[in-house]
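This is final_2.pdb. It holds PDB, C-alpha atoms.
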```
ATOM      1  CA  MET G   1     -53.966 -29.361  27.631
ATOM      2  CA  GLY G   2     -55.006 -32.756  28.961
ATOM      3  CA  LYS G   3     -54.860 -33.534  32.657
ATOM      4  CA  TYR G   4     -51.535 -35.038  33.737
ATOM      5  CA  PRO G   5     -51.780 -37.983  36.106
ATOM      6  CA  LEU G   6     -49.436 -36.316  38.608
ATOM      7  CA  PRO G   7     -47.922 -32.869  39.095
ATOM      8  CA  ALA G   8     -44.711 -32.572  37.067
ATOM      9  CA  ARG G   9     -42.504 -32.581  40.169
ATOM     10  CA  HIS G  10     -43.737 -36.098  40.967
ATOM     11  CA  CYS G  11     -43.221 -37.492  37.461
ATOM     12  CA  GLN G  12     -39.478 -38.097  37.541
ATOM     13  CA  SER G  13     -39.956 -41.794  36.831
ATOM     14  CA  GLY G  14     -42.630 -44.419  36.409
ATOM     15  CA  VAL G  15     -41.556 -46.017  39.684
ATOM     16  CA  GLY G  16     -41.853 -42.718  41.536
ATOM     17  CA  ALA G  17     -45.246 -42.094  39.981
ATOM     18  CA  ALA G  18     -46.446 -45.567  40.930
ATOM     19  CA  ALA G  19     -45.314 -45.016  44.508
ATOM     20  CA  ASN G  20     -47.304 -41.766  44.708
ATOM     21  CA  LEU G  21     -50.386 -43.325  43.178
ATOM     22  CA  LEU G  22     -50.285 -46.260  45.566
ATOM     23  CA  ALA G  23     -49.949 -43.922  48.530
ATOM     24  CA  TRP G  24     -53.437 -42.601  47.834
ATOM     25  CA  ASP G  25     -54.981 -45.905  48.855
ATOM     26  CA  ARG G  26     -52.959 -47.579  51.594
ATOM     27  CA  ARG G  27     -55.022 -50.735  51.711
ATOM     28  CA  ARG G  28     -54.461 -51.415  48.016
ATOM     29  CA  ALA G  29     -50.835 -50.409  48.370
ATOM     30  CA  ARG G  30     -50.257 -53.002  51.111
ATOM     31  CA  ARG G  31     -51.793 -55.749  48.940
ATOM     32  CA  PHE G  32     -49.697 -54.686  45.967
ATOM     33  CA  GLN G  33     -46.482 -54.648  48.007
ATOM     34  CA  GLU G  34     -47.159 -58.085  49.480
ATOM     35  CA  VAL G  35     -47.262 -59.529  45.953
ATOM     36  CA  ASN G  36     -44.240 -57.650  44.623
ATOM     37  CA  MET G  37     -41.993 -57.767  47.669
ATOM     38  CA  SER G  38     -42.364 -61.506  48.236
ATOM     39  CA  SER G  39     -39.651 -62.030  45.615
ATOM     40  CA  PRO G  40     -35.959 -61.361  46.351
ATOM     41  CA  GLN G  41     -35.745 -59.616  42.966
ATOM     42  CA  ALA G  42     -34.157 -56.213  43.579
ATOM     43  CA  ILE G  43     -35.200 -54.451  40.353
ATOM     44  CA  CYS G  44     -38.722 -54.557  38.941
ATOM     45  CA  PRO G  45     -39.305 -52.558  35.733
ATOM     46  CA  CYS G  46     -42.387 -50.326  35.809
ATOM     47  CA  LEU G  47     -43.993 -49.741  32.400
ATOM     48  CA  TRP G  48     -46.087 -46.587  31.992
ATOM     49  CA  PHE G  49     -49.161 -46.927  29.774
ATOM     50  CA  ASP G  50     -51.947 -44.517  28.960
ATOM     51  CA  HIS G  51     -54.802 -46.933  29.735
ATOM     52  CA  GLN G  52     -53.665 -50.314  28.320
ATOM     53  CA  ALA G  53     -51.793 -51.772  31.321
ATOM     54  CA  GLU G  54     -54.040 -54.811  31.840
ATOM     55  CA  GLU G  55     -54.349 -55.526  28.101
ATOM     56  CA  ALA G  56     -50.579 -55.249  27.634
ATOM     57  CA  ALA G  57     -49.776 -57.427  30.650
ATOM     58  CA  ASN G  58     -52.120 -60.137  29.365
ATOM     59  CA  PHE G  59     -50.495 -59.919  25.926
ATOM     60  CA  TYR G  60     -46.974 -60.319  27.334
ATOM     61  CA  VAL G  61     -48.028 -63.166  29.640
ATOM     62  CA  GLY G  62     -49.328 -64.955  26.545
ATOM     63  CA  VAL G  63     -45.961 -64.629  24.794
ATOM     64  CA  PHE G  64     -43.550 -65.804  27.504
ATOM     65  CA  PRO G  65     -43.543 -69.163  29.327
ATOM     66  CA  HIS G  66     -43.762 -69.410  33.116
ATOM     67  CA  SER G  67     -45.658 -66.124  33.234
ATOM     68  CA  ARG G  68     -48.673 -64.883  35.181
ATOM     69  CA  ILE G  69     -50.727 -61.921  36.312
ATOM     70  CA  ALA G  70     -49.958 -61.607  40.020
ATOM     71  CA  GLN G  71     -52.108 -58.693  41.174
ATOM     72  CA  ILE G  72     -54.349 -55.945  39.815
ATOM     73  CA  SER G  73     -54.797 -52.750  41.832
ATOM     74  CA  ARG G  74     -57.549 -50.280  40.984
ATOM     75  CA  TYR G  75     -58.064 -46.572  41.374
ATOM     76  CA  GLY G  76     -60.317 -45.407  44.183
ATOM     77  CA  GLU G  77     -61.888 -42.031  44.837
ATOM     78  CA  ALA G  78     -58.760 -40.858  46.675
ATOM     79  CA  GLY G  79     -56.647 -38.552  44.526
ATOM     80  CA  ARG G  80     -59.129 -38.410  41.659
ATOM     81  CA  GLU G  81     -58.684 -34.654  41.376
ATOM     82  CA  ILE G  82     -55.041 -35.383  40.449
ATOM     83  CA  HIS G  83     -55.086 -38.627  38.453
ATOM     84  CA  GLY G  84     -58.477 -38.081  36.792
ATOM     85  CA  LYS G  85     -59.188 -41.816  36.566
ATOM     86  CA  PRO G  86     -62.632 -43.291  37.325
ATOM     87  CA  ALA G  87     -62.915 -45.286  40.533
ATOM     88  CA  GLY G  88     -62.609 -49.002  39.840
ATOM     89  CA  SER G  89     -60.471 -48.616  36.723
ATOM     90  CA  VAL G  90     -57.165 -50.463  36.581
ATOM     91  CA  MET G  91     -54.248 -48.605  38.155
ATOM     92  CA  VAL G  92     -51.344 -51.059  38.417
ATOM     93  CA  VAL G  93     -50.886 -54.629  37.193
ATOM     94  CA  ALA G  94     -48.162 -56.765  38.758
ATOM     95  CA  PHE G  95     -47.077 -59.582  36.446
ATOM     96  CA  GLU G  96     -44.217 -61.971  35.785
ATOM     97  CA  LEU G  97     -42.561 -62.947  32.503
ATOM     98  CA  ASN G  98     -40.544 -66.145  32.764
ATOM     99  CA  GLY G  99     -40.048 -65.411  36.468
ATOM    100  CA  GLN G 100     -39.052 -61.731  36.014
ATOM    101  CA  GLY G 101     -41.329 -59.307  37.821
ATOM    102  CA  PHE G 102     -42.842 -56.268  36.090
ATOM    103  CA  THR G 103     -45.441 -53.672  36.913
ATOM    104  CA  ALA G 104     -47.675 -51.937  34.362
ATOM    105  CA  LEU G 105     -49.124 -48.560  35.345
ATOM    106  CA  ASN G 106     -52.077 -46.758  33.777
ATOM    107  CA  GLY G 107     -50.727 -43.253  34.226
ATOM    108  CA  GLY G 108     -52.313 -41.391  31.313
ATOM    109  CA  PRO G 109     -50.826 -40.008  28.087
ATOM    110  CA  ALA G 110     -48.053 -37.871  29.625
ATOM    111  CA  PHE G 111     -45.243 -40.352  28.861
ATOM    112  CA  THR G 112     -44.616 -42.858  26.076
ATOM    113  CA  PHE G 113     -41.971 -45.487  25.324
ATOM    114  CA  ASN G 114     -38.947 -44.829  23.135
ATOM    115  CA  PRO G 115     -36.068 -47.038  21.911
ATOM    116  CA  ALA G 116     -33.627 -45.607  24.468
ATOM    117  CA  VAL G 117     -34.909 -48.391  26.751
ATOM    118  CA  SER G 118     -35.451 -51.922  25.451
ATOM    119  CA  PHE G 119     -35.699 -55.442  26.815
ATOM    120  CA  GLN G 120     -33.276 -58.010  25.429
ATOM    121  CA  ILE G 121     -34.356 -61.618  24.929
ATOM    122  CA  ASN G 122     -31.426 -64.025  24.597
ATOM    123  CA  CYS G 123     -32.597 -66.982  22.516
ATOM    124  CA  ALA G 124     -31.095 -70.467  22.495
ATOM    125  CA  ASP G 125     -31.923 -71.235  18.848
ATOM    126  CA  GLN G 126     -33.732 -70.001  15.750
ATOM    127  CA  ARG G 127     -37.020 -71.590  16.754
ATOM    128  CA  GLU G 128     -37.079 -69.657  20.020
ATOM    129  CA  LEU G 129     -35.988 -66.471  18.274
ATOM    130  CA  ASP G 130     -38.742 -66.846  15.659
ATOM    131  CA  HIS G 131     -41.359 -67.347  18.375
ATOM    132  CA  TYR G 132     -40.525 -64.166  20.282
ATOM    133  CA  TRP G 133     -39.957 -62.060  17.191
ATOM    134  CA  ASP G 134     -43.152 -63.128  15.444
ATOM    135  CA  ARG G 135     -45.364 -62.779  18.531
ATOM    136  CA  LEU G 136     -43.970 -59.459  19.775
ATOM    137  CA  ALA G 137     -43.910 -57.915  16.293
ATOM    138  CA  GLU G 138     -47.650 -58.570  15.731
ATOM    139  CA  GLY G 139     -49.319 -55.192  15.349
ATOM    140  CA  GLY G 140     -46.075 -53.314  15.945
ATOM    141  CA  ASP G 141     -44.289 -50.711  13.846
ATOM    142  CA  ALA G 142     -42.647 -52.609  10.975
ATOM    143  CA  ALA G 143     -40.558 -49.559  10.098
ATOM    144  CA  ALA G 144     -38.845 -49.791  13.499
ATOM    145  CA  GLN G 145     -37.543 -53.311  12.872
ATOM    146  CA  GLN G 146     -33.786 -53.409  12.402
ATOM    147  CA  CYS G 147     -30.934 -55.810  13.272
ATOM    148  CA  GLY G 148     -32.859 -57.704  15.942
ATOM    149  CA  TRP G 149     -34.766 -54.722  17.359
ATOM    150  CA  LEU G 150     -38.534 -54.323  17.150
ATOM    151  CA  LYS G 151     -41.332 -52.223  18.595
ATOM    152  CA  ASP G 152     -44.401 -54.073  19.795
ATOM    153  CA  ARG G 153     -48.015 -52.895  19.449
ATOM    154  CA  TYR G 154     -47.642 -50.707  22.553
ATOM    155  CA  GLY G 155     -44.452 -49.017  21.361
ATOM    156  CA  LEU G 156     -42.174 -50.947  23.742
ATOM    157  CA  SER G 157     -38.812 -51.909  22.217
ATOM    158  CA  TRP G 158     -37.354 -55.415  22.355
ATOM    159  CA  GLN G 159     -34.071 -56.933  21.189
ATOM    160  CA  VAL G 160     -34.583 -60.540  20.107
ATOM    161  CA  VAL G 161     -31.091 -61.970  19.723
ATOM    162  CA  PRO G 162     -29.345 -65.366  19.730
ATOM    163  CA  ARG G 163     -27.136 -66.167  22.695
ATOM    164  CA  ALA G 164     -24.321 -66.894  20.234
ATOM    165  CA  LEU G 165     -24.290 -63.314  18.922
ATOM    166  CA  ALA G 166     -21.946 -61.923  21.575
ATOM    167  CA  GLU G 167     -19.410 -64.655  20.812
ATOM    168  CA  LEU G 168     -19.618 -64.064  17.050
ATOM    169  CA  LEU G 169     -19.273 -60.289  17.367
ATOM    170  CA  GLY G 170     -16.556 -60.573  19.994
ATOM    171  CA  ASP G 171     -14.303 -62.904  18.012
ATOM    172  CA  ALA G 172     -10.625 -61.988  18.343
ATOM    173  CA  ASP G 173     -10.391 -62.314  14.572
ATOM    174  CA  ALA G 174     -11.475 -58.830  13.488
ATOM    175  CA  GLY G 175     -12.448 -60.008  10.010
ATOM    176  CA  LYS G 176     -14.899 -62.589  11.366
ATOM    177  CA  ALA G 177     -16.389 -60.103  13.808
ATOM    178  CA  GLN G 178     -16.834 -57.435  11.147
ATOM    179  CA  ARG G 179     -18.407 -59.846   8.670
ATOM    180  CA  THR G 180     -20.886 -60.825  11.358
ATOM    181  CA  MET G 181     -21.665 -57.169  12.103
ATOM    182  CA  THR G 182     -22.176 -56.359   8.422
ATOM    183  CA  ALA G 183     -24.568 -59.290   8.026
ATOM    184  CA  MET G 184     -26.487 -58.387  11.190
ATOM    185  CA  LEU G 185     -26.993 -54.764  10.161
ATOM    186  CA  ALA G 186     -28.645 -55.888   6.924
ATOM    187  CA  MET G 187     -31.242 -57.995   8.774
ATOM    188  CA  LYS G 188     -34.508 -57.265  10.535
ATOM    189  CA  LYS G 189     -35.207 -60.560  12.306
ATOM    190  CA  LEU G 190     -31.848 -62.196  12.929
ATOM    191  CA  ASP G 191     -30.972 -65.391  11.068
ATOM    192  CA  ILE G 192     -28.530 -67.427  13.156
ATOM    193  CA  GLU G 193     -27.276 -69.632  10.331
ATOM    194  CA  ALA G 194     -26.735 -66.633   8.061
ATOM    195  CA  LEU G 195     -24.772 -64.931  10.834
ATOM    196  CA  ARG G 196     -22.631 -68.052  11.276
ATOM    197  CA  ARG G 197     -21.982 -68.243   7.534
ATOM    198  CA  ALA G 198     -20.930 -64.613   7.471
ATOM    199  CA  HIS G 199     -18.681 -65.206  10.470
ATOM    200  CA  ALA G 200     -17.043 -68.203   8.776
ATOM    201  CA  GLY G 201     -16.507 -66.260   5.544
TER     202      GLY G 201
END
```

What would you get if you wrote out this structure as structure tokens?
Amino acid sequence: MGKYPLPARHCQSGVGAAANLLAWDRRRARRFQEVNMSSPQAICPCLWFDHQAEEAANFYVGVFPHSRIAQISRYGEAGREIHGKPAGSVMVVAFELNGQGFTALNGGPAFTFNPAVSFQINCADQRELDHYWDRLAEGGDAAAQQCGWLKDRYGLSWQVVPRALAELLGDADAGKAQRTMTAMLAMKKLDIEALRRAHAG
């Protein structure tokens, strides 16, 4: 078996794992916290990667506007007998996508993404929807694309949906809502005009 980045009892969540990893090097931990705690944002998703955290963060920053890499923390010698990572390699990347904070952790191959967790992008129009769908789908699993859902090249799931969808599906007229649902389920990338036509009957 391969070496796990942390003993199983410490691997209850990516956030918990990140906290343990950061504790091994308090100087780096303080720098990391200064970047991430400067925002009033209460919840910051932590994404667990094998070794692609920096590459993935740079990819996502290139997709979303008003985005940046905020901080990169690296593994030191401390804890190497547990995490198995070479000193100087990337440990955690703090980044922002359109103002939303994220962290990306290089934790090894113990955990992978699955569609039970996804990030939803609410798009104002078809042009915006096309941009996010086309960019995030590049290199992803085409077989996983269905009714606005996709998996990107790292296996992370996204829902790329128009803001109007909730209104169309929630119409008090059950016929309109069901026609919209039927049309949506037949699509991969969502087509706003086609959804509106289905809704109108």

(message) I'd like the residues picked by the PyMOL selection byres ((chain G and resi 138-145) around 12) written out as a PyMOL selection string, using the chain letters and numbers from the file.
(response) chain G and resi 59-60+63+114-115+131-137+146-160+185-190

Please, could you write that set of residues out with C-alpha atoms as a short mmCIF file (atom, residue, chain, number, x, y, z; two decimals), keeping the file's coordinate frame?
```cif
data_model
loop_
_atom_site.label_atom_id
_atom_site.label_comp_id
_atom_site.auth_asym_id
_atom_site.auth_seq_id
_atom_site.Cartn_x
_atom_site.Cartn_y
_atom_site.Cartn_z
CA PHE G 59 -50.50 -59.92 25.93
CA TYR G 60 -46.97 -60.32 27.33
CA VAL G 63 -45.96 -64.63 24.79
CA ASN G 114 -38.95 -44.83 23.14
CA PRO G 115 -36.07 -47.04 21.91
CA HIS G 131 -41.36 -67.35 18.38
CA TYR G 132 -40.52 -64.17 20.28
CA TRP G 133 -39.96 -62.06 17.19
CA ASP G 134 -43.15 -63.13 15.44
CA ARG G 135 -45.36 -62.78 18.53
CA LEU G 136 -43.97 -59.46 19.77
CA ALA G 137 -43.91 -57.92 16.29
CA GLN G 146 -33.79 -53.41 12.40
CA CYS G 147 -30.93 -55.81 13.27
CA GLY G 148 -32.86 -57.70 15.94
CA TRP G 149 -34.77 -54.72 17.36
CA LEU G 150 -38.53 -54.32 17.15
CA LYS G 151 -41.33 -52.22 18.60
CA ASP G 152 -44.40 -54.07 19.80
CA ARG G 153 -48.02 -52.90 19.45
CA TYR G 154 -47.64 -50.71 22.55
CA GLY G 155 -44.45 -49.02 21.36
CA LEU G 156 -42.17 -50.95 23.74
CA SER G 157 -38.81 -51.91 22.22
CA TRP G 158 -37.35 -55.42 22.36
CA GLN G 159 -34.07 -56.93 21.19
CA VAL G 160 -34.58 -60.54 20.11
CA LEU G 185 -26.99 -54.76 10.16
CA ALA G 186 -28.64 -55.89 6.92
CA MET G 187 -31.24 -58.00 8.77
CA LYS G 188 -34.51 -57.26 10.54
CA LYS G 189 -35.21 -60.56 12.31
CA LEU G 190 -31.85 -62.20 12.93
#
```

(message) To one decimal place in Å, what is the distance between CA of Gly79 (chain G) and CA of Asn106 (chain G)?
(response) 14.3 Å

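On the file presented, the PyMOL selection byres ((chain G and resi 195-200) around 7) picks out Leu168, Lys176, Ala177, Arg179, Thr180, Ala183, Met184, Asp191, Ile192, Glu193, Ala194 and Gly201 of chain G.
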
(message) Just want the 8 Å neighbourhood of Glu54 (chain G), counted on only C-alpha atoms, with same-chain residues fewer than 4 positions away dropped. Output as number ranges by chain.
(response) G: 58, 90, 93, 104

(message) So, with all atoms listed in the file as the atoms that count, which of G:Glu128, G:Glu81, G:Glu96, G:Asp50 lies closest to His66 (chain G)?
(response) G:Glu96

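Put simply, CA of Arg127 (chain G) is 25.3 Å away from CA of Gln178 (chain G).
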
(request) Could you please determine the separation between CA of Pro86 (chain G) and CA of Ala70 (chain G) in Å, to one decimal place? (result) 22.4 Å

Please report, as AutoDock Vina command-line options, the centre and edge lengths in Å to one decimal of an axis-aligned box covering all listed atoms of region 129-132 of chain G with 4 Å per side.
```
--center_x -38.7 --center_y -65.8 --center_z 18.0 --size_x 13.4 --size_y 11.2 --size_z 12.6
```

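Residues near the point (-46.0, -54.5, 38.7), at a distance of 8 Å or less over all atoms listed in the file, make up Asn36, Cys44, Pro45, Cys46, Gln71, Val92, Val93, Ala94, Phe95, Gly101, Phe102, Thr103, Ala104 and Leu105 of chain G.
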
(request) I need the residue set behind the PyMOL selection byres ((chain G and resi 51) around 8) for this file; please write it as a PyMOL selection string. (result) chain G and resi 49-50+52-53+106-108

(request) Please return, as a VMD selection string, all polymer residues that have at least one atom within 8 Å of the point (-29.7, -71.0, 17.1); use all atoms listed in the file and the file's own coordinate frame. (result) chain G and resid 123 to 127 129 162 to 164 192 to 193

Once N, CA and C atoms are restored for region 79-101 of chain G, what would the output be as a compact mmCIF listing (two decimals), in the coordinates of the input?
```txt
# COMPACT_ATOMS: atom_id res chain seq x y z
N GLY G 79 -57.57 -39.10 45.51
CA GLY G 79 -56.65 -38.55 44.53
C GLY G 79 -57.23 -38.34 43.15
N ARG G 80 -58.54 -38.51 43.00
CA ARG G 80 -59.13 -38.41 41.66
C ARG G 80 -58.94 -37.03 41.05
N GLU G 81 -58.88 -36.00 41.90
CA GLU G 81 -58.68 -34.65 41.38
C GLU G 81 -57.31 -34.49 40.74
N ILE G 82 -56.38 -35.42 41.03
CA ILE G 82 -55.04 -35.38 40.45
C ILE G 82 -54.92 -36.36 39.29
N HIS G 83 -55.29 -37.63 39.52
CA HIS G 83 -55.09 -38.63 38.45
C HIS G 83 -56.19 -38.63 37.41
N GLY G 84 -57.40 -38.18 37.77
CA GLY G 84 -58.48 -38.08 36.79
C GLY G 84 -59.05 -39.40 36.33
N LYS G 85 -58.72 -40.49 37.00
CA LYS G 85 -59.19 -41.82 36.57
C LYS G 85 -60.47 -42.20 37.30
N PRO G 86 -61.41 -42.87 36.64
CA PRO G 86 -62.63 -43.29 37.33
C PRO G 86 -62.35 -44.36 38.37
N ALA G 87 -63.06 -44.28 39.48
CA ALA G 87 -62.92 -45.29 40.53
C ALA G 87 -63.24 -46.66 39.97
N GLY G 88 -62.42 -47.64 40.32
CA GLY G 88 -62.61 -49.00 39.84
C GLY G 88 -61.83 -49.33 38.60
N SER G 89 -61.28 -48.33 37.91
CA SER G 89 -60.47 -48.62 36.72
C SER G 89 -59.09 -49.11 37.15
N VAL G 90 -58.45 -49.84 36.26
CA VAL G 90 -57.16 -50.46 36.58
C VAL G 90 -56.10 -49.39 36.77
N MET G 91 -55.35 -49.51 37.88
CA MET G 91 -54.25 -48.60 38.16
C MET G 91 -52.91 -49.28 37.86
N VAL G 92 -52.62 -50.38 38.56
CA VAL G 92 -51.34 -51.06 38.42
C VAL G 92 -51.58 -52.56 38.28
N VAL G 93 -50.86 -53.18 37.36
CA VAL G 93 -50.89 -54.63 37.19
C VAL G 93 -49.49 -55.17 37.51
N ALA G 94 -49.42 -56.07 38.47
CA ALA G 94 -48.16 -56.76 38.76
C ALA G 94 -48.19 -58.08 38.00
N PHE G 95 -47.11 -58.35 37.23
CA PHE G 95 -47.08 -59.58 36.45
C PHE G 95 -45.65 -60.09 36.34
N GLU G 96 -45.52 -61.34 35.94
CA GLU G 96 -44.22 -61.97 35.78
C GLU G 96 -44.08 -62.53 34.38
N LEU G 97 -42.90 -62.35 33.79
CA LEU G 97 -42.56 -62.95 32.50
C LEU G 97 -41.36 -63.86 32.70
N ASN G 98 -41.61 -65.15 32.57
CA ASN G 98 -40.54 -66.14 32.76
C ASN G 98 -39.82 -65.92 34.09
N GLY G 99 -40.59 -65.59 35.13
CA GLY G 99 -40.05 -65.41 36.47
C GLY G 99 -39.58 -64.00 36.79
N GLN G 100 -39.48 -63.11 35.80
CA GLN G 100 -39.05 -61.73 36.01
C GLN G 100 -40.26 -60.87 36.32
N GLY G 101 -40.22 -60.15 37.44
CA GLY G 101 -41.33 -59.31 37.82
C GLY G 101 -41.37 -58.00 37.06
```
